file input-v6.txt (compact mmCIF, C-alpha atoms and all ligand atoms)
# COMPACT_ATOMS: atom_id res chain seq x y z
CA MET A 1 56.81 -83.47 182.65
CA SER A 2 59.03 -83.60 179.54
CA LYS A 3 58.25 -80.64 177.38
CA LYS A 4 59.89 -80.90 173.99
CA VAL A 5 59.03 -83.75 171.60
CA CYS A 6 60.70 -84.47 168.26
CA ILE A 7 58.72 -86.79 165.95
CA LEU A 8 60.44 -88.41 162.97
CA GLY A 9 58.05 -89.13 160.10
CA LEU A 10 54.94 -87.00 159.54
CA GLY A 11 52.66 -89.59 157.92
CA TYR A 12 49.43 -91.23 159.03
CA ILE A 13 50.89 -91.95 162.48
CA GLY A 14 53.50 -89.26 163.07
CA LEU A 15 51.46 -86.21 162.09
CA PRO A 16 48.36 -87.01 164.19
CA THR A 17 50.66 -87.84 167.13
CA ALA A 18 52.55 -84.58 166.68
CA ALA A 19 49.34 -82.57 166.43
CA LEU A 20 47.81 -84.28 169.46
CA LEU A 21 50.88 -83.76 171.66
CA ALA A 22 51.16 -80.13 170.56
CA ASN A 23 47.58 -79.61 171.70
CA GLN A 24 48.35 -81.36 175.00
CA GLY A 25 50.99 -78.92 176.22
CA TYR A 26 54.11 -80.22 174.47
CA GLN A 27 56.35 -78.19 172.21
CA VAL A 28 56.60 -80.38 169.11
CA LEU A 29 59.01 -80.50 166.19
CA GLY A 30 57.86 -82.79 163.39
CA VAL A 31 60.65 -83.97 161.11
CA ASP A 32 60.18 -85.42 157.64
CA ILE A 33 62.53 -86.07 154.72
CA SER A 34 59.90 -84.68 152.34
CA PRO A 35 60.17 -80.87 151.90
CA GLU A 36 56.57 -80.79 150.61
CA VAL A 37 55.30 -82.40 153.82
CA VAL A 38 57.34 -79.98 155.94
CA ASP A 39 56.04 -76.95 154.01
CA THR A 40 52.45 -78.18 154.14
CA VAL A 41 52.55 -78.62 157.91
CA ASN A 42 54.32 -75.32 158.50
CA ASN A 43 51.50 -73.66 156.56
CA GLY A 44 49.05 -75.19 159.02
CA ASN A 45 47.76 -77.70 156.46
CA ILE A 46 47.75 -81.49 156.12
CA HIS A 47 48.70 -83.84 153.29
CA ILE A 48 46.75 -86.92 154.40
CA ILE A 49 43.05 -87.54 154.79
CA GLU A 50 42.04 -88.01 158.42
CA PRO A 51 38.97 -86.51 160.14
CA GLU A 52 39.70 -83.68 162.65
CA LEU A 53 43.43 -83.71 161.96
CA ASP A 54 43.27 -80.47 159.95
CA ALA A 55 41.84 -78.57 162.92
CA TYR A 56 44.45 -79.98 165.33
CA VAL A 57 47.33 -79.07 163.01
CA ALA A 58 46.00 -75.60 162.15
CA LYS A 59 45.53 -74.77 165.85
CA ALA A 60 48.93 -76.10 166.92
CA VAL A 61 50.84 -74.33 164.14
CA ALA A 62 49.00 -71.06 164.75
CA GLY A 63 49.75 -71.40 168.47
CA LYS A 64 53.45 -72.00 167.67
CA VAL A 65 53.50 -75.31 169.55
CA LEU A 66 54.00 -77.36 166.37
CA LYS A 67 56.52 -76.76 163.66
CA ALA A 68 58.01 -79.00 161.00
CA GLY A 69 61.56 -79.31 159.73
CA LEU A 70 63.94 -81.47 157.74
CA LYS A 71 66.38 -82.03 160.60
CA ALA A 72 65.98 -83.33 164.13
CA GLU A 73 66.76 -80.95 167.00
CA ALA A 74 67.39 -81.42 170.72
CA ALA A 75 64.31 -82.61 172.61
CA ASP A 76 63.31 -84.58 175.69
CA VAL A 77 61.38 -87.23 173.78
CA PHE A 78 62.10 -88.62 170.29
CA ILE A 79 59.40 -90.66 168.53
CA LEU A 80 60.24 -92.64 165.39
CA ALA A 81 57.14 -93.09 163.19
CA VAL A 82 58.73 -93.91 159.85
CA PRO A 83 57.65 -96.59 157.33
CA THR A 84 58.56 -100.26 157.77
CA PRO A 85 57.70 -101.89 154.43
CA PHE A 86 59.30 -105.01 153.02
CA HIS A 87 61.78 -105.63 150.23
CA ASP A 88 61.02 -108.08 147.41
CA GLY A 89 60.56 -111.59 148.75
CA HIS A 90 58.76 -110.28 151.85
CA ILE A 91 62.02 -109.37 153.58
CA PRO A 92 61.46 -106.66 156.22
CA ASN A 93 62.95 -103.28 155.39
CA VAL A 94 64.00 -101.38 158.53
CA ASP A 95 66.22 -98.94 156.62
CA TYR A 96 63.93 -96.00 157.42
CA VAL A 97 64.14 -96.80 161.14
CA VAL A 98 67.93 -97.04 160.97
CA ASP A 99 68.15 -93.73 159.07
CA ALA A 100 65.83 -92.01 161.53
CA ALA A 101 67.81 -93.34 164.52
CA ARG A 102 71.05 -92.15 162.93
CA SER A 103 69.54 -88.73 162.27
CA ILE A 104 68.87 -88.12 165.98
CA SER A 105 72.23 -89.46 167.21
CA SER A 106 73.89 -86.04 167.20
CA VAL A 107 71.14 -84.37 169.25
CA VAL A 108 69.99 -87.05 171.69
CA LYS A 109 71.36 -86.56 175.22
CA ALA A 110 71.43 -88.26 178.62
CA GLY A 111 67.96 -88.56 180.18
CA ASP A 112 66.06 -88.40 176.85
CA MET A 113 63.50 -90.95 175.72
CA VAL A 114 63.72 -92.60 172.29
CA ILE A 115 60.50 -94.35 171.30
CA LEU A 116 60.03 -96.56 168.26
CA GLU A 117 56.38 -96.44 167.18
CA SER A 118 56.82 -98.01 163.74
CA THR A 119 55.50 -101.57 163.40
CA SER A 120 58.74 -103.49 163.59
CA PRO A 121 60.28 -106.96 163.32
CA VAL A 122 61.33 -108.41 166.68
CA GLY A 123 64.71 -106.98 167.66
CA THR A 124 64.33 -103.61 165.92
CA THR A 125 64.30 -101.61 169.17
CA GLU A 126 67.62 -103.26 170.05
CA LYS A 127 68.81 -102.21 166.60
CA VAL A 128 67.86 -98.59 167.35
CA GLU A 129 70.00 -98.78 170.48
CA SER A 130 72.96 -100.22 168.56
CA VAL A 131 72.67 -97.60 165.80
CA LEU A 132 72.77 -94.84 168.42
CA ARG A 133 75.65 -96.51 170.27
CA GLU A 134 77.68 -97.00 167.08
CA ALA A 135 77.12 -93.31 166.27
CA GLY A 136 78.86 -92.45 169.56
CA THR A 137 75.85 -91.94 171.84
CA ASP A 138 76.11 -93.18 175.43
CA THR A 139 72.86 -95.17 175.41
CA SER A 140 73.18 -96.26 179.04
CA SER A 141 71.47 -93.05 180.12
CA ILE A 142 68.81 -92.96 177.39
CA TYR A 143 65.37 -94.50 177.86
CA ILE A 144 64.66 -96.57 174.75
CA ALA A 145 61.34 -98.35 174.19
CA HIS A 146 58.93 -99.63 171.58
CA CYS A 147 55.33 -98.44 171.66
CA PRO A 148 53.40 -99.90 168.74
CA GLU A 149 50.49 -98.01 167.25
CA ARG A 150 47.11 -99.67 166.69
CA VAL A 151 44.87 -96.81 165.57
CA LEU A 152 42.14 -97.25 162.98
CA PRO A 153 42.41 -94.79 160.07
CA GLY A 154 39.34 -92.58 160.11
CA HIS A 155 39.29 -92.56 163.93
CA ILE A 156 42.94 -91.77 164.64
CA MET A 157 42.50 -88.62 166.77
CA ARG A 158 40.12 -90.39 169.15
CA GLU A 159 41.95 -93.72 169.24
CA LEU A 160 45.33 -92.07 169.89
CA VAL A 161 43.88 -91.06 173.24
CA GLU A 162 41.46 -93.88 174.06
CA ASN A 163 43.26 -97.05 172.96
CA ASP A 164 45.25 -99.11 175.43
CA ARG A 165 48.98 -98.95 174.67
CA ILE A 166 51.79 -101.43 175.10
CA VAL A 167 55.19 -100.04 176.04
CA GLY A 168 58.16 -102.37 175.72
CA GLY A 169 61.29 -101.01 177.35
CA LEU A 170 64.80 -102.11 176.50
CA THR A 171 65.21 -101.97 180.28
CA LYS A 172 62.55 -102.03 182.99
CA GLU A 173 63.33 -98.44 183.85
CA SER A 174 62.96 -97.35 180.20
CA GLY A 175 59.58 -99.08 179.99
CA GLU A 176 58.30 -97.34 183.13
CA LYS A 177 59.60 -93.93 182.15
CA VAL A 178 58.16 -94.10 178.61
CA ALA A 179 54.84 -95.46 179.95
CA ASP A 180 54.61 -92.43 182.23
CA PHE A 181 55.04 -90.19 179.17
CA TYR A 182 52.12 -91.92 177.37
CA ARG A 183 49.98 -91.68 180.51
CA THR A 184 50.10 -87.88 180.17
CA PHE A 185 47.88 -88.03 177.05
CA VAL A 186 46.40 -91.56 176.82
CA SER A 187 43.16 -92.32 178.67
CA GLY A 188 43.38 -96.05 177.87
CA GLU A 189 45.57 -98.34 179.95
CA VAL A 190 49.33 -98.25 179.34
CA LEU A 191 50.79 -101.72 179.80
CA VAL A 192 54.51 -102.21 180.31
CA THR A 193 56.56 -105.13 179.01
CA ASP A 194 59.94 -105.69 177.34
CA ALA A 195 60.73 -104.43 173.83
CA ARG A 196 60.68 -107.83 172.08
CA THR A 197 57.27 -108.73 173.51
CA ALA A 198 55.88 -105.34 172.50
CA GLU A 199 57.20 -105.77 168.94
CA MET A 200 55.74 -109.27 168.72
CA ALA A 201 52.43 -108.12 170.25
CA LYS A 202 51.76 -105.74 167.39
CA LEU A 203 52.70 -108.34 164.77
CA THR A 204 50.57 -110.89 166.62
CA GLU A 205 47.50 -108.63 166.57
CA ASN A 206 47.65 -108.28 162.80
CA SER A 207 48.52 -111.94 162.25
CA PHE A 208 45.54 -112.94 164.39
CA ARG A 209 43.26 -111.01 162.07
CA ASP A 210 44.98 -112.44 159.00
CA VAL A 211 44.71 -116.06 160.19
CA ASN A 212 41.03 -115.66 161.07
CA ILE A 213 40.19 -114.01 157.76
CA ALA A 214 42.10 -116.79 155.97
CA PHE A 215 39.83 -119.35 157.64
CA ALA A 216 36.75 -117.52 156.34
CA ASN A 217 38.31 -117.16 152.89
CA GLU A 218 39.14 -120.86 152.76
CA LEU A 219 35.54 -121.68 153.73
CA SER A 220 34.30 -119.46 150.89
CA ILE A 221 36.40 -121.34 148.33
CA LEU A 222 35.31 -124.72 149.69
CA SER A 223 31.67 -123.61 149.78
CA ASP A 224 31.81 -122.62 146.14
CA LYS A 225 33.18 -126.07 145.34
CA PHE A 226 30.49 -127.81 147.41
CA ASN A 227 27.68 -125.55 146.09
CA ILE A 228 26.97 -124.09 149.54
CA ASP A 229 26.13 -120.47 150.39
CA VAL A 230 29.12 -119.48 152.54
CA TRP A 231 27.25 -116.60 154.19
CA GLU A 232 24.52 -118.89 155.42
CA LEU A 233 27.11 -121.47 156.46
CA ILE A 234 28.98 -118.94 158.62
CA ARG A 235 25.79 -117.45 160.03
CA LEU A 236 24.66 -120.88 161.16
CA ALA A 237 28.05 -122.03 162.48
CA ASN A 238 28.33 -118.80 164.47
CA ARG A 239 25.22 -119.76 166.41
CA HIS A 240 27.50 -122.13 168.31
CA PRO A 241 28.21 -120.29 171.59
CA ARG A 242 31.99 -120.51 171.17
CA VAL A 243 32.34 -120.06 167.40
CA ASN A 244 32.85 -116.66 165.82
CA ILE A 245 33.96 -116.96 162.20
CA LEU A 246 34.81 -113.72 160.38
CA GLN A 247 33.43 -112.82 156.95
CA PRO A 248 35.26 -113.78 153.74
CA GLY A 249 36.20 -111.19 151.13
CA THR A 250 38.23 -110.56 147.99
CA GLY A 251 41.48 -111.02 149.92
CA VAL A 252 43.33 -108.99 152.53
CA GLY A 253 44.71 -105.56 151.76
CA GLY A 254 45.99 -102.39 153.34
CA HIS A 255 49.47 -101.65 154.58
CA CYS A 256 49.23 -103.52 157.93
CA ILE A 257 47.50 -106.92 157.92
CA ALA A 258 48.81 -107.84 154.48
CA VAL A 259 52.36 -106.82 155.45
CA ASP A 260 53.14 -107.36 159.13
CA PRO A 261 52.67 -111.17 159.33
CA TRP A 262 55.58 -111.51 156.88
CA PHE A 263 57.85 -110.00 159.57
CA ILE A 264 57.09 -113.03 161.72
CA VAL A 265 57.40 -115.47 158.82
CA HIS A 266 60.76 -114.04 157.80
CA ALA A 267 62.24 -114.48 161.27
CA GLY A 268 60.29 -117.57 162.28
CA GLY A 269 61.01 -119.67 159.18
CA ASP A 270 59.48 -123.15 159.27
CA ASP A 271 58.09 -122.52 162.75
CA ALA A 272 55.72 -119.80 161.48
CA ARG A 273 53.53 -122.26 159.62
CA ILE A 274 49.95 -121.17 160.22
CA ILE A 275 50.86 -117.48 159.82
CA LYS A 276 52.57 -118.16 156.49
CA VAL A 277 49.77 -120.33 155.14
CA ALA A 278 47.19 -117.72 156.18
CA ARG A 279 49.09 -115.07 154.20
CA GLU A 280 49.20 -117.40 151.20
CA ILE A 281 45.49 -118.25 151.46
CA ASN A 282 44.51 -114.59 151.62
CA ASP A 283 46.69 -113.75 148.63
CA TYR A 284 45.37 -116.80 146.77
CA LYS A 285 41.78 -115.72 147.46
CA THR A 286 42.35 -112.66 145.27
CA GLU A 287 43.60 -114.83 142.39
CA TRP A 288 40.72 -117.22 142.93
CA VAL A 289 38.20 -114.36 142.71
CA THR A 290 39.68 -113.30 139.37
CA GLU A 291 39.52 -116.88 138.03
CA ARG A 292 35.95 -117.25 139.28
CA ILE A 293 34.89 -114.09 137.43
CA LEU A 294 36.67 -115.27 134.27
CA GLU A 295 34.65 -118.51 134.35
CA ASP A 296 31.48 -116.43 134.13
CA VAL A 297 32.96 -114.19 131.45
CA TYR A 298 33.74 -117.22 129.27
CA ALA A 299 30.32 -118.76 129.93
CA PHE A 300 28.62 -115.49 128.92
CA ARG A 301 30.74 -115.27 125.80
CA ASP A 302 29.82 -118.83 124.79
CA LYS A 303 26.13 -118.27 125.42
CA HIS A 304 25.68 -114.79 123.91
CA GLY A 305 28.47 -114.67 121.33
CA ARG A 306 29.80 -111.35 122.64
CA GLU A 307 32.00 -109.93 125.40
CA PRO A 308 30.13 -109.15 128.62
CA SER A 309 30.68 -105.91 130.52
CA ILE A 310 31.71 -106.61 134.12
CA GLY A 311 30.81 -104.05 136.77
CA CYS A 312 33.63 -104.20 139.34
CA MET A 313 31.99 -102.77 142.44
CA GLY A 314 34.61 -101.32 144.80
CA LEU A 315 38.35 -100.85 144.47
CA ALA A 316 39.36 -99.89 148.04
CA PHE A 317 41.01 -102.34 150.41
CA LYS A 318 38.04 -102.36 152.79
CA PRO A 319 34.49 -101.00 152.99
CA ASN A 320 33.67 -97.29 153.09
CA ILE A 321 37.17 -95.86 152.62
CA ASP A 322 39.05 -94.45 149.63
CA ASP A 323 42.40 -96.16 150.34
CA LEU A 324 43.67 -98.37 147.50
CA ARG A 325 46.97 -99.46 149.11
CA GLU A 326 47.58 -103.21 148.64
CA SER A 327 43.92 -103.49 147.68
CA PRO A 328 42.81 -106.96 146.52
CA ALA A 329 39.76 -105.46 144.78
CA LEU A 330 42.03 -103.21 142.74
CA GLU A 331 44.20 -106.23 141.91
CA VAL A 332 41.17 -108.17 140.65
CA PHE A 333 40.08 -105.25 138.48
CA GLN A 334 43.58 -104.83 137.02
CA SER A 335 43.93 -108.59 136.38
CA LEU A 336 40.62 -108.60 134.50
CA VAL A 337 41.70 -105.63 132.39
CA ALA A 338 45.06 -107.32 131.69
CA LYS A 339 43.12 -110.37 130.41
CA GLY A 340 41.19 -108.15 127.99
CA VAL A 341 37.91 -108.24 129.94
CA ASN A 342 35.56 -105.29 129.51
CA ALA A 343 35.75 -104.37 133.21
CA LEU A 344 34.06 -101.19 134.48
CA ALA A 345 35.62 -99.77 137.64
CA VAL A 346 33.36 -98.40 140.37
CA GLU A 347 34.63 -96.74 143.54
CA PRO A 348 32.08 -94.38 145.10
CA ASN A 349 34.60 -93.15 147.70
CA LEU A 350 36.92 -91.73 145.04
CA LYS A 351 36.11 -88.81 142.77
CA LYS A 352 38.85 -89.62 140.27
CA HIS A 353 41.90 -91.80 139.74
CA LYS A 354 45.07 -90.97 137.86
CA SER A 355 44.91 -93.95 135.49
CA ILE A 356 41.55 -95.70 135.99
CA VAL A 357 38.27 -94.42 134.57
CA LEU A 358 35.75 -94.48 137.42
CA ASN A 359 32.10 -95.11 136.65
CA ASP A 360 28.97 -94.13 138.51
CA TYR A 361 27.64 -97.09 140.48
CA HIS A 362 24.00 -96.43 139.54
CA ASP A 363 24.88 -96.41 135.83
CA VAL A 364 26.94 -99.58 136.07
CA SER A 365 24.27 -101.38 138.08
CA LYS A 366 21.90 -100.82 135.13
CA SER A 367 24.28 -101.31 132.21
CA ALA A 368 26.64 -104.16 133.20
CA ASP A 369 26.05 -107.73 132.06
CA ILE A 370 27.56 -109.11 135.25
CA ILE A 371 28.04 -107.33 138.59
CA VAL A 372 30.89 -108.45 140.82
CA TYR A 373 30.87 -107.12 144.37
CA LEU A 374 34.50 -106.78 145.47
CA VAL A 375 34.10 -104.42 148.47
CA ALA A 376 31.03 -104.17 150.72
CA HIS A 377 30.59 -100.40 150.50
CA ASN A 378 27.32 -99.11 152.00
CA GLU A 379 26.29 -97.58 148.65
CA PHE A 380 25.95 -101.04 147.13
CA LYS A 381 23.72 -102.52 149.80
CA SER A 382 20.38 -101.15 148.60
CA LEU A 383 21.25 -101.03 144.92
CA PRO A 384 18.68 -102.71 142.67
CA VAL A 385 20.48 -105.05 140.26
CA GLN A 386 18.77 -107.18 137.60
CA CYS A 387 21.76 -108.90 135.99
CA LYS A 388 23.89 -111.81 137.15
CA VAL A 389 25.72 -111.04 140.43
CA LEU A 390 28.88 -112.55 141.91
CA ASP A 391 29.12 -111.45 145.53
CA PHE A 392 32.58 -111.95 147.04
CA CYS A 393 32.10 -109.76 150.11
CA GLY A 394 28.55 -110.24 151.40
CA VAL A 395 26.91 -107.12 149.94
CA THR A 396 23.75 -109.01 149.04
CA VAL A 397 23.52 -110.91 152.30
CA SER A 398 21.65 -108.26 154.28
CA LYS A 399 19.25 -107.51 151.41
N1 LIG B 1 48.87 -95.90 159.03
C1 LIG B 1 48.38 -96.71 159.95
O1 LIG B 1 47.18 -96.85 160.08
C2 LIG B 1 49.30 -97.45 160.90
C3 LIG B 1 48.73 -98.10 162.00
C4 LIG B 1 49.57 -98.75 162.88
C5 LIG B 1 50.95 -98.76 162.66
N2 LIG B 1 51.48 -98.12 161.56
C6 LIG B 1 52.92 -98.14 161.39
O2 LIG B 1 53.45 -96.85 161.64
C7 LIG B 1 54.62 -96.62 160.84
C8 LIG B 1 54.43 -95.35 160.03
O3 LIG B 1 53.32 -95.57 159.16
P1 LIG B 1 52.59 -94.37 158.42
O4 LIG B 1 51.31 -94.95 157.90
O5 LIG B 1 52.54 -93.18 159.30
O6 LIG B 1 53.60 -94.12 157.22
P2 LIG B 1 53.55 -92.93 156.15
O7 LIG B 1 54.16 -93.48 154.92
O8 LIG B 1 52.18 -92.33 156.11
O9 LIG B 1 54.52 -91.81 156.76
C9 LIG B 1 55.86 -91.99 157.04
C10 LIG B 1 56.57 -90.67 156.85
O10 LIG B 1 57.92 -90.85 157.26
C11 LIG B 1 58.76 -90.05 156.44
N3 LIG B 1 60.13 -90.52 156.56
C12 LIG B 1 60.74 -91.59 155.99
N4 LIG B 1 62.01 -91.70 156.42
C13 LIG B 1 62.21 -90.70 157.30
C14 LIG B 1 63.32 -90.30 158.10
N5 LIG B 1 64.47 -90.97 158.08
N6 LIG B 1 63.18 -89.20 158.87
C15 LIG B 1 62.03 -88.51 158.90
N7 LIG B 1 60.93 -88.85 158.18
C16 LIG B 1 61.04 -89.94 157.40
C17 LIG B 1 58.12 -90.20 155.07
O11 LIG B 1 58.52 -89.14 154.19
C18 LIG B 1 56.62 -90.17 155.42
O12 LIG B 1 56.10 -88.84 155.36
C19 LIG B 1 54.78 -97.89 160.00
O13 LIG B 1 55.66 -98.75 160.65
C20 LIG B 1 53.39 -98.47 159.98
O14 LIG B 1 53.41 -99.87 159.77
C21 LIG B 1 50.67 -97.46 160.69
call {"tool": "encode", "arguments": {"input": "input-v6.txt", "output": "structure tokens"}}
result
Amino acid sequence: MSKKVCILGLGYIGLPTAALLANQGYQVLGVDISPEVVDTVNNGNIHIIEPELDAYVAKAVAGKVLKAGLKAEAADVFILAVPTPFHDGHIPNVDYVVDAARSISSVVKAGDMVILESTSPVGTTEKVESVLREAGTDTSSIYIAHCPERVLPGHIMRELVENDRIVGGLTKESGEKVADFYRTFVSGEVLVTDARTAEMAKLTENSFRDVNIAFANELSILSDKFNIDVWELIRLANRHPRVNILQPGTGVGGHCIAVDPWFIVHAGGDDARIIKVAREINDYKTEWVTERILEDVYAFRDKHGREPSIGCMGLAFKPNIDDLRESPALEVFQSLVAKGVNALAVEPNLKKHKSIVLNDYHDVSKSADIIVYLVAHNEFKSLPVQCKVLDFCGVTVSK
């Protein structure tokens, strides 16, 4: 069994992976370009919110099986878990992957494994190989593969072990060798394919979700136009034995589903039609929600001769979390504020925010002139509300 693992990038994916492997008998070096992250980990602490992770890191650091550093060192296995965002215009940015690959080129040696875990455009694993080769590494004796990550934040420590994994080798031998490494700590099935298929599989999973949510979001817009209750419509249509429509919402957020489909669209061009339109529909839904709220604001103003207060219930990108990254609910709130609307922000999962005043949801439910449900947090489901309600995420459906 390979013993020493070097993980590049100690974020939501890299740090839990490092901590898990360290607790599974590997000697782990976690590398990050952020000195604060390195110091935090070396002190046995964590800089991200994830249940159980603190205990894993504290134990591994105390047991001297996990340490962090700013530079990669010799190891048997290298895992790249760095960000893959996009540039303006939805152009994939693999600069972090290229930098990370370059940073290991002086220490990687024959027989090592190099694994790309970052969600990546098709062809990125080949790029890792070419970066290493151009830096003078003999890649013919290195096992290079892509192993995409599909964990759910909030359940990462369990899902790292239990989820099935796809390993896409640059060669068949690389795929098999890297799969054997994952089988030492994964209880789910480890499925081997080639690198391009593995890259596309991860992008496909997130695009599948995006396309299906777009269908529900389009139905919600059409239902509003046709004066139909979309929740009842979907509930009834789903009674068909082979129909399973998802629920509409304020849009699609987070750093995966709202981002990864663009990697396919960028490379696929005019052939990535449904994936592109789905992205556009889900982005449009957020604008539509804002416009829909403004209609009611103007109607209130005309009727009562004053500005209404709008209780914006939820800012996170999905229910029952505190994560605001790429959040459509946050975008709606900010658009309303930018239009001069008296919008009251409510986010029960956050204690405070650096620039937004957060209000108590009980208070707002009593004081607001109009309540708009933007995220279906559990707290809102049994909340008594007397005023006008616009429900964009199904909070009132189970009442
Ligand atoms: N977070 C998730 O739930 C999730 C799920 C599946 C896949 N992914 C994918 O995993 C990858 C990593 O995501 P994340 O959420 O962990 O990102 P993150 O932003 O939380 O962490 C990335 C870390 O990498 C560090 N870094 C950047 N360049 C580096 C370099 N050259 N060398 C060493 N460290 C470097 C950053 O300082 C940061 O600490 C992305 O491709 C993402 O799409 C994330």
call {"tool": "residues_near_ligand", "arguments": {"input": "input-v6.txt", "ligand": "ligand LIG 1 (chain B)", "cutoff": "6 Å", "atoms": "all atoms listed in the file", "output": "list in words"}}
result
Leu8, Gly9, Leu10, Gly11, Tyr12, Ile13, Gly14, Val31, Asp32, Ile33, Ser34, Ala81, Val82, Pro83, Thr84, Tyr96, Asp99, Ala100, Ser118, Thr119, Glu149, Arg150, Val151, Leu152, Pro153 and Cys256 of chain A
call {"tool": "closest_atom_pairs", "arguments": {"input": "input-v6.txt", "of": "range 12-79 of chain A", "to": "range 185-207 of chain A", "cutoff": "12 Å", "atoms": "only C-alpha atoms", "output": "CSV"}}
result
residue,atom,partner,partner_atom,distance
A:Thr17,CA,A:Phe185,CA,10.3
A:Ala18,CA,A:Phe185,CA,11.9
A:Leu20,CA,A:Phe185,CA,8.5
A:Leu21,CA,A:Phe185,CA,7.5
A:Ala22,CA,A:Phe185,CA,10.7
A:Asn23,CA,A:Phe185,CA,10.0
A:Gln24,CA,A:Phe185,CA,7.0
A:Gly25,CA,A:Phe185,CA,9.7
A:Tyr26,CA,A:Phe185,CA,10.3
call {"tool": "write_last_selection", "arguments": {"input": "input-v6.txt", "atoms": "C-alpha atoms", "output": "JSON list (two decimals), in the coordinates of the input"}}
result
[["chain", "number", "residue", "atom", "x", "y", "z"],
["A", 17, "THR", "CA", 50.66, -87.84, 167.13],
["A", 18, "ALA", "CA", 52.55, -84.58, 166.68],
["A", 20, "LEU", "CA", 47.81, -84.28, 169.46],
["A", 21, "LEU", "CA", 50.88, -83.76, 171.66],
["A", 22, "ALA", "CA", 51.16, -80.13, 170.56],
["A", 23, "ASN", "CA", 47.58, -79.61, 171.70],
["A", 24, "GLN", "CA", 48.35, -81.36, 175.00],
["A", 25, "GLY", "CA", 50.99, -78.92, 176.22],
["A", 26, "TYR", "CA", 54.11, -80.22, 174.47]]
call {"tool": "atom_distance", "arguments": {"input": "input-v6.txt", "atom1": "CA of Ala258 in chain A", "atom2": "CA of Gly175 in chain A"}}
result
29.0 Å
call {"tool": "closest_residue", "arguments": {"input": "input-v6.txt", "among": "A:Ser141, A:Thr171, A:Asn227, A:Asn378", "to": "Thr125 in chain A", "atoms": "only C-alpha atoms"}}
result
A:Thr171
call {"tool": "residues_around", "arguments": {"input": "input-v6.txt", "residues": "Leu350 in chain A", "least_positions_apart": "3", "cutoff": "10 Å", "atoms": "all atoms listed in the file", "output": "ChimeraX atom specification"}}
result
/A:314-316,321-324,346-347,353,358
call {"tool": "atom_distance", "arguments": {"input": "input-v6.txt", "atom1": "CA of Ser220 in chain A", "atom2": "CA of Val277 in chain A"}}
result
16.1 Å
call {"tool": "atom_distance", "arguments": {"input": "input-v6.txt", "atom1": "CA of Leu330 in chain A", "atom2": "CA of Ala345 in chain A"}}
result
8.9 Å
call {"tool": "residues_around", "arguments": {"input": "input-v6.txt", "residues": "His47 in chain A", "least_positions_apart": "5", "cutoff": "8 Å", "atoms": "all atoms listed in the file", "output": "PyMOL selection string"}}
result
chain A and resi 37+40-41
call {"tool": "write_last_selection", "arguments": {"input": "input-v6.txt", "atoms": "C-alpha atoms", "output": "CSV table (one decimal), in the coordinates of the input"}}
result
chain,number,residue,atom,x,y,z
A,37,VAL,CA,55.3,-82.4,153.8
A,40,THR,CA,52.4,-78.2,154.1
A,41,VAL,CA,52.6,-78.6,157.9
call {"tool": "residues_around", "arguments": {"input": "input-v6.txt", "residues": "Lys366 in chain A", "least_positions_apart": "4", "cutoff": "8 Å", "atoms": "all atoms listed in the file", "output": "number ranges by chain"}}
result
A: 362, 385-386
call {"tool": "closest_residue", "arguments": {"input": "input-v6.txt", "among": "A:His155, A:Arg102, A:Lys172, A:Lys351", "to": "Pro16 in chain A", "atoms": "all atoms listed in the file"}}
result
A:His155
call {"tool": "residues_around", "arguments": {"input": "input-v6.txt", "residues": "Asp296 in chain A", "least_positions_apart": "3", "cutoff": "12 Å", "atoms": "all atoms listed in the file", "output": "list in words"}}
result
Val289, Thr290, Glu291, Arg292, Ile293, Ala299, Phe300, Arg301, Asp302, Lys303, His304, Glu307, Pro308, Ser309, Ile310, Val341, Asp369, Ile370, Ile371, Val372, Lys388, Val389 and Leu390 of chain A
call {"tool": "closest_residue", "arguments": {"input": "input-v6.txt", "among": "A:Ser106, A:Thr286, A:Asn342, A:Asn43", "to": "Lys59 in chain A", "atoms": "all atoms listed in the file"}}
result
A:Asn43
call {"tool": "residues_around", "arguments": {"input": "input-v6.txt", "residues": "Ala145 in chain A", "least_positions_apart": "6", "cutoff": "8 Å", "atoms": "all atoms listed in the file", "output": "ChimeraX atom specification"}}
result
/A:113-116,125,167-170,174-175,178,195
call {"tool": "closest_residue", "arguments": {"input": "input-v6.txt", "among": "A:Leu15, A:Val332, A:Val97, A:Val297", "to": "Cys312 in chain A", "atoms": "all atoms listed in the file"}}
result
A:Val332
call {"tool": "build_atoms", "arguments": {"input": "input-v6.txt", "residues": "range 34-38 of chain A", "atoms": "N, CA and C atoms", "output": "tab-separated table (two decimals), in the coordinates of the input"}}
result
chain	number	residue	atom	x	y	z
A	34	SER	N	60.57	-85.28	153.49
A	34	SER	CA	59.90	-84.68	152.34
A	34	SER	C	59.69	-83.18	152.57
A	35	PRO	N	60.36	-82.32	151.74
A	35	PRO	CA	60.17	-80.87	151.90
A	35	PRO	C	58.72	-80.45	151.71
A	36	GLU	N	57.98	-81.15	150.84
A	36	GLU	CA	56.57	-80.79	150.61
A	36	GLU	C	55.76	-80.99	151.90
A	37	VAL	N	56.02	-82.12	152.56
A	37	VAL	CA	55.30	-82.40	153.82
A	37	VAL	C	55.63	-81.32	154.84
A	38	VAL	N	56.90	-80.99	154.96
A	38	VAL	CA	57.34	-79.98	155.94
A	38	VAL	C	56.67	-78.63	155.64
